[in-house]
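K.L.:
One structure follows; several queries about it will come next.
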Amino acid sequence: MDDKRARFEAEVLPHLDAAYRFARWLSHAPGDADDLVQEAILRAFRAFDSLRGSDVKTWLMAIVRNCHYTAASQLKRRAFVPLPEENDAQDGYAMTATTPDPQDESIRRDEQRTLDRLIAGLPEEHRTVLMLREIEELDYRQISQVTNVPIGTVMSRLARSRAALKERWLQEVGGEPHAVR
Amino acid sequence: MRCAESLRVQAYFDAEVDALTAAELERHVEHCAECRALLQDLEQVRTVLRREAGVVRAPAALRAKIMRALDQEGAADGAARPNKRASTSWRMRPFRLGMRPFWVGAFGGIGGTAIAAALAFFLVAPRLTDPLLDELVSAHVRSLMPAHLIDVVSTDKHTVKPWFAGHTDVSPVVADFAQAGYRLIGGRADYLDHQRSAVVVYQHGAHVINVFSWAGAERALPDNVTRSGYHLAFWKSGDLEYCAVSDTGWDELKGLVSLLRDLGEGDAGAGG
């Protein structure tokens, strides 16, 4: 038991941030994401003994997704991501607040907020595939396992979400993204 | 996006095709303006997303809540084991993680594993029960709470290093490695191992790396371990002991450690 907890902390908890980001893309409010992640981690802990193979991240992400759909079907609600509010800026961006140049930082914040809004506007099944690929850097097979759709579907959703994001980004920001860093 | 090859070009971009197909697609892209534009678009979307959207991290409060929930889960599973869990788990983990594959390889199948394990346990256990590990993780988590990270905000080592002289008992290696992706963002004083230790704070991508330093004692440093999801890398340089703590990957953390170690070779010493 003690050993199980220790192995769990060493192998699964390094993926907590990834699980949290995924939960935020899936669920409809940061508070919900908290509950979702906690539920998923506990479920992962209970199932940890039966985990075979080394792809812990994919395994954990699939559990997050399953928890989400269990909760969503219970509540019979459509999952969506809220549009970020002005006051939300601190939430989740605490790390970048430590950078020294406030002007660059404020432009950067604006772009982050715009991007967050554009991402939130994508259909959930497109948004999750896109973010699993670009941010979590899962490959097609892993995304297919996490989202439970065939690889061909992963590919077409990726293509559509990338094209849509590019289109919307150009409309909003109008050209090349501001060069920061 | 109407070219029949667009999905395969995307797969090429995502490194999902074998070398033969890759060569074939590269030839195709040379002749297909549409797919050339597609590759540029894919690159642009990736750049923007990775730069702007990857910074969200699980809040420290959530992390703490999950750890408590796991404590309860463990307590519910086990029989009555008053106060035993915490002390045992720390002792067992590094042994299990670090030593077992080696011993299993060396003794597997000949019944020596148990003896070897017992031996390893006694060799390794004394210095891994070090409360220092708990102190370091707590200090790291505390630093991530709002307004706790940095006492002296500066990207200039000539500002950070002298500040330590007045506020801590040690004078560690301080440098900015922005070129290598490790940006110096400041310094902090912390009480650790019964002394006023110096903490140099770096930012790597969205992650904070705290580099703790304190005057060394006559004892072995703990091995590198992972605790509560944070990696701890230890090393010695001159009279000082260092520990880098972060939730970055091991490779990223070790990258900074090796940069600091290289510097420390030339600049070793306390009180300087």
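Note on naming: chains are A, B, ... as they come in the structure tokens, residues start from 1 per chain, ligands start from 1 in the order shown.
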With a cut-off of 6 Å and counting only C-alpha atoms, select all residues of chain A in contact with chain B and give the selection as a PyMOL selection string.
P.N.:
chain A and resi 2+6+9-10+13-14+17+20+38+92+112+135
K.L.:
Name the residues in contact with range 149-165 of chain A at a cut-off of 12 Å, using only C-alpha atoms, excluding same-chain residues fewer than 4 positions from it; report them as a PDB file with C-alpha atoms, in the first residue's frame.
P.N.:
ATOM      1  CA  ALA A  62      -8.340   8.466 -20.924  1.00  0.00           C
ATOM      2  CA  THR A 114      -7.913  36.029 -27.561  1.00  0.00           C
ATOM      3  CA  LEU A 115      -6.488  32.611 -28.241  1.00  0.00           C
ATOM      4  CA  ASP A 116      -8.264  31.094 -25.252  1.00  0.00           C
ATOM      5  CA  ARG A 117     -11.528  32.492 -26.564  1.00  0.00           C
ATOM      6  CA  LEU A 118     -10.908  31.119 -30.056  1.00  0.00           C
ATOM      7  CA  ILE A 119     -10.029  27.708 -28.675  1.00  0.00           C
ATOM      8  CA  ALA A 120     -13.102  27.765 -26.459  1.00  0.00           C
ATOM      9  CA  GLY A 121     -15.178  28.484 -29.557  1.00  0.00           C
ATOM     10  CA  LEU A 122     -14.144  25.254 -31.259  1.00  0.00           C
ATOM     11  CA  PRO A 123     -16.426  22.225 -30.915  1.00  0.00           C
ATOM     12  CA  GLU A 124     -15.305  20.123 -27.974  1.00  0.00           C
ATOM     13  CA  GLU A 125     -14.253  17.100 -30.024  1.00  0.00           C
ATOM     14  CA  HIS A 126     -12.086  19.326 -32.221  1.00  0.00           C
ATOM     15  CA  ARG A 127     -10.656  21.325 -29.345  1.00  0.00           C
ATOM     16  CA  THR A 128      -9.552  18.274 -27.351  1.00  0.00           C
ATOM     17  CA  VAL A 129      -7.874  16.578 -30.322  1.00  0.00           C
ATOM     18  CA  LEU A 130      -6.039  19.773 -31.225  1.00  0.00           C
ATOM     19  CA  MET A 131      -4.786  20.444 -27.707  1.00  0.00           C
ATOM     20  CA  LEU A 132      -3.786  16.843 -27.063  1.00  0.00           C
ATOM     21  CA  ARG A 133      -1.637  17.028 -30.184  1.00  0.00           C
ATOM     22  CA  GLU A 134      -0.143  20.508 -29.906  1.00  0.00           C
ATOM     23  CA  LEU A 138       0.448  12.968 -27.922  1.00  0.00           C
ATOM     24  CA  ASP A 139       0.735  11.073 -31.204  1.00  0.00           C
ATOM     25  CA  TYR A 140      -2.236   9.967 -33.317  1.00  0.00           C
ATOM     26  CA  ARG A 141      -2.453   6.550 -31.708  1.00  0.00           C
ATOM     27  CA  GLN A 142      -2.429   7.996 -28.192  1.00  0.00           C
ATOM     28  CA  ILE A 143      -5.056  10.610 -29.097  1.00  0.00           C
ATOM     29  CA  SER A 144      -7.172   7.866 -30.595  1.00  0.00           C
ATOM     30  CA  GLN A 145      -6.934   5.936 -27.318  1.00  0.00           C
ATOM     31  CA  TRP A 169      -6.806  33.877 -35.515  1.00  0.00           C
ATOM     32  CA  LEU A 170      -6.230  35.766 -38.758  1.00  0.00           C
ATOM     33  CA  GLN A 171      -9.631  37.422 -38.473  1.00  0.00           C
ATOM     34  CA  GLU A 172      -9.011  38.522 -34.882  1.00  0.00           C
ATOM     35  CA  VAL A 173      -5.377  39.431 -34.825  1.00  0.00           C
TER      36      VAL A 173
ATOM     37  CA  MET B   1      -6.914  22.099 -48.119  1.00  0.00           C
ATOM     38  CA  ARG B   2      -8.501  20.508 -51.139  1.00  0.00           C
ATOM     39  CA  SER B   6      -3.497  17.151 -47.429  1.00  0.00           C
ATOM     40  CA  LEU B   7      -4.145  14.614 -44.669  1.00  0.00           C
ATOM     41  CA  ARG B   8      -0.941  12.787 -45.497  1.00  0.00           C
ATOM     42  CA  VAL B   9       0.971  16.059 -45.541  1.00  0.00           C
ATOM     43  CA  GLN B  10      -0.453  16.777 -42.106  1.00  0.00           C
ATOM     44  CA  ALA B  11       0.701  13.320 -40.963  1.00  0.00           C
ATOM     45  CA  TYR B  12       4.153  14.165 -42.326  1.00  0.00           C
ATOM     46  CA  PHE B  13       4.098  17.403 -40.321  1.00  0.00           C
ATOM     47  CA  ASP B  14       3.156  15.431 -37.195  1.00  0.00           C
ATOM     48  CA  GLU B  16       3.557  10.121 -38.223  1.00  0.00           C
ATOM     49  CA  ALA B  37       0.981  26.700 -47.795  1.00  0.00           C
ATOM     50  CA  LEU B  38      -0.631  24.043 -45.636  1.00  0.00           C
ATOM     51  CA  LEU B  39       2.703  23.200 -44.025  1.00  0.00           C
ATOM     52  CA  GLN B  40       3.266  26.860 -43.238  1.00  0.00           C
ATOM     53  CA  ASP B  41      -0.198  27.158 -41.698  1.00  0.00           C
ATOM     54  CA  LEU B  42       0.353  24.078 -39.558  1.00  0.00           C
ATOM     55  CA  GLU B  43       3.638  25.478 -38.341  1.00  0.00           C
ATOM     56  CA  GLN B  44       2.079  28.820 -37.524  1.00  0.00           C
ATOM     57  CA  VAL B  45      -0.817  27.333 -35.571  1.00  0.00           C
ATOM     58  CA  ARG B  46       1.580  25.148 -33.622  1.00  0.00           C
ATOM     59  CA  THR B  47       3.873  28.063 -32.791  1.00  0.00           C
ATOM     60  CA  VAL B  48       1.038  30.234 -31.539  1.00  0.00           C
ATOM     61  CA  LEU B  49      -0.584  27.454 -29.531  1.00  0.00           C
TER      62      LEU B  49
END
K.L.:
Quick one: everything within 8 Å of Ala198 in chain B, counting only C-alpha atoms, minus sequence neighbours fewer than 4 positions away in the same chain. Send it as a PyMOL selection string.
P.N.:
chain B and resi 164+168-172+187-190+212-214
K.L.:
Quick one, how far is CA of Tyr182 in chain B from CA of Leu256 in chain B?
P.N.:
7.0 Å
K.L.:
Measure the distance from CA of Ile209 in chain B to CA of Glu252 in chain B in Å and round it to one decimal.
P.N.:
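Spanning CA of Ile209 in chain B to CA of Glu252 in chain B is a straight-line distance of 9.9 Å.
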K.L.:
Could you tell me how far CA of Ala220 in chain B lies from CA of Val173 in chain B, in Å and to one decimal?
P.N.:
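Straight-line distance from CA of Ala220 in chain B to CA of Val173 in chain B works out to 20.8 Å.
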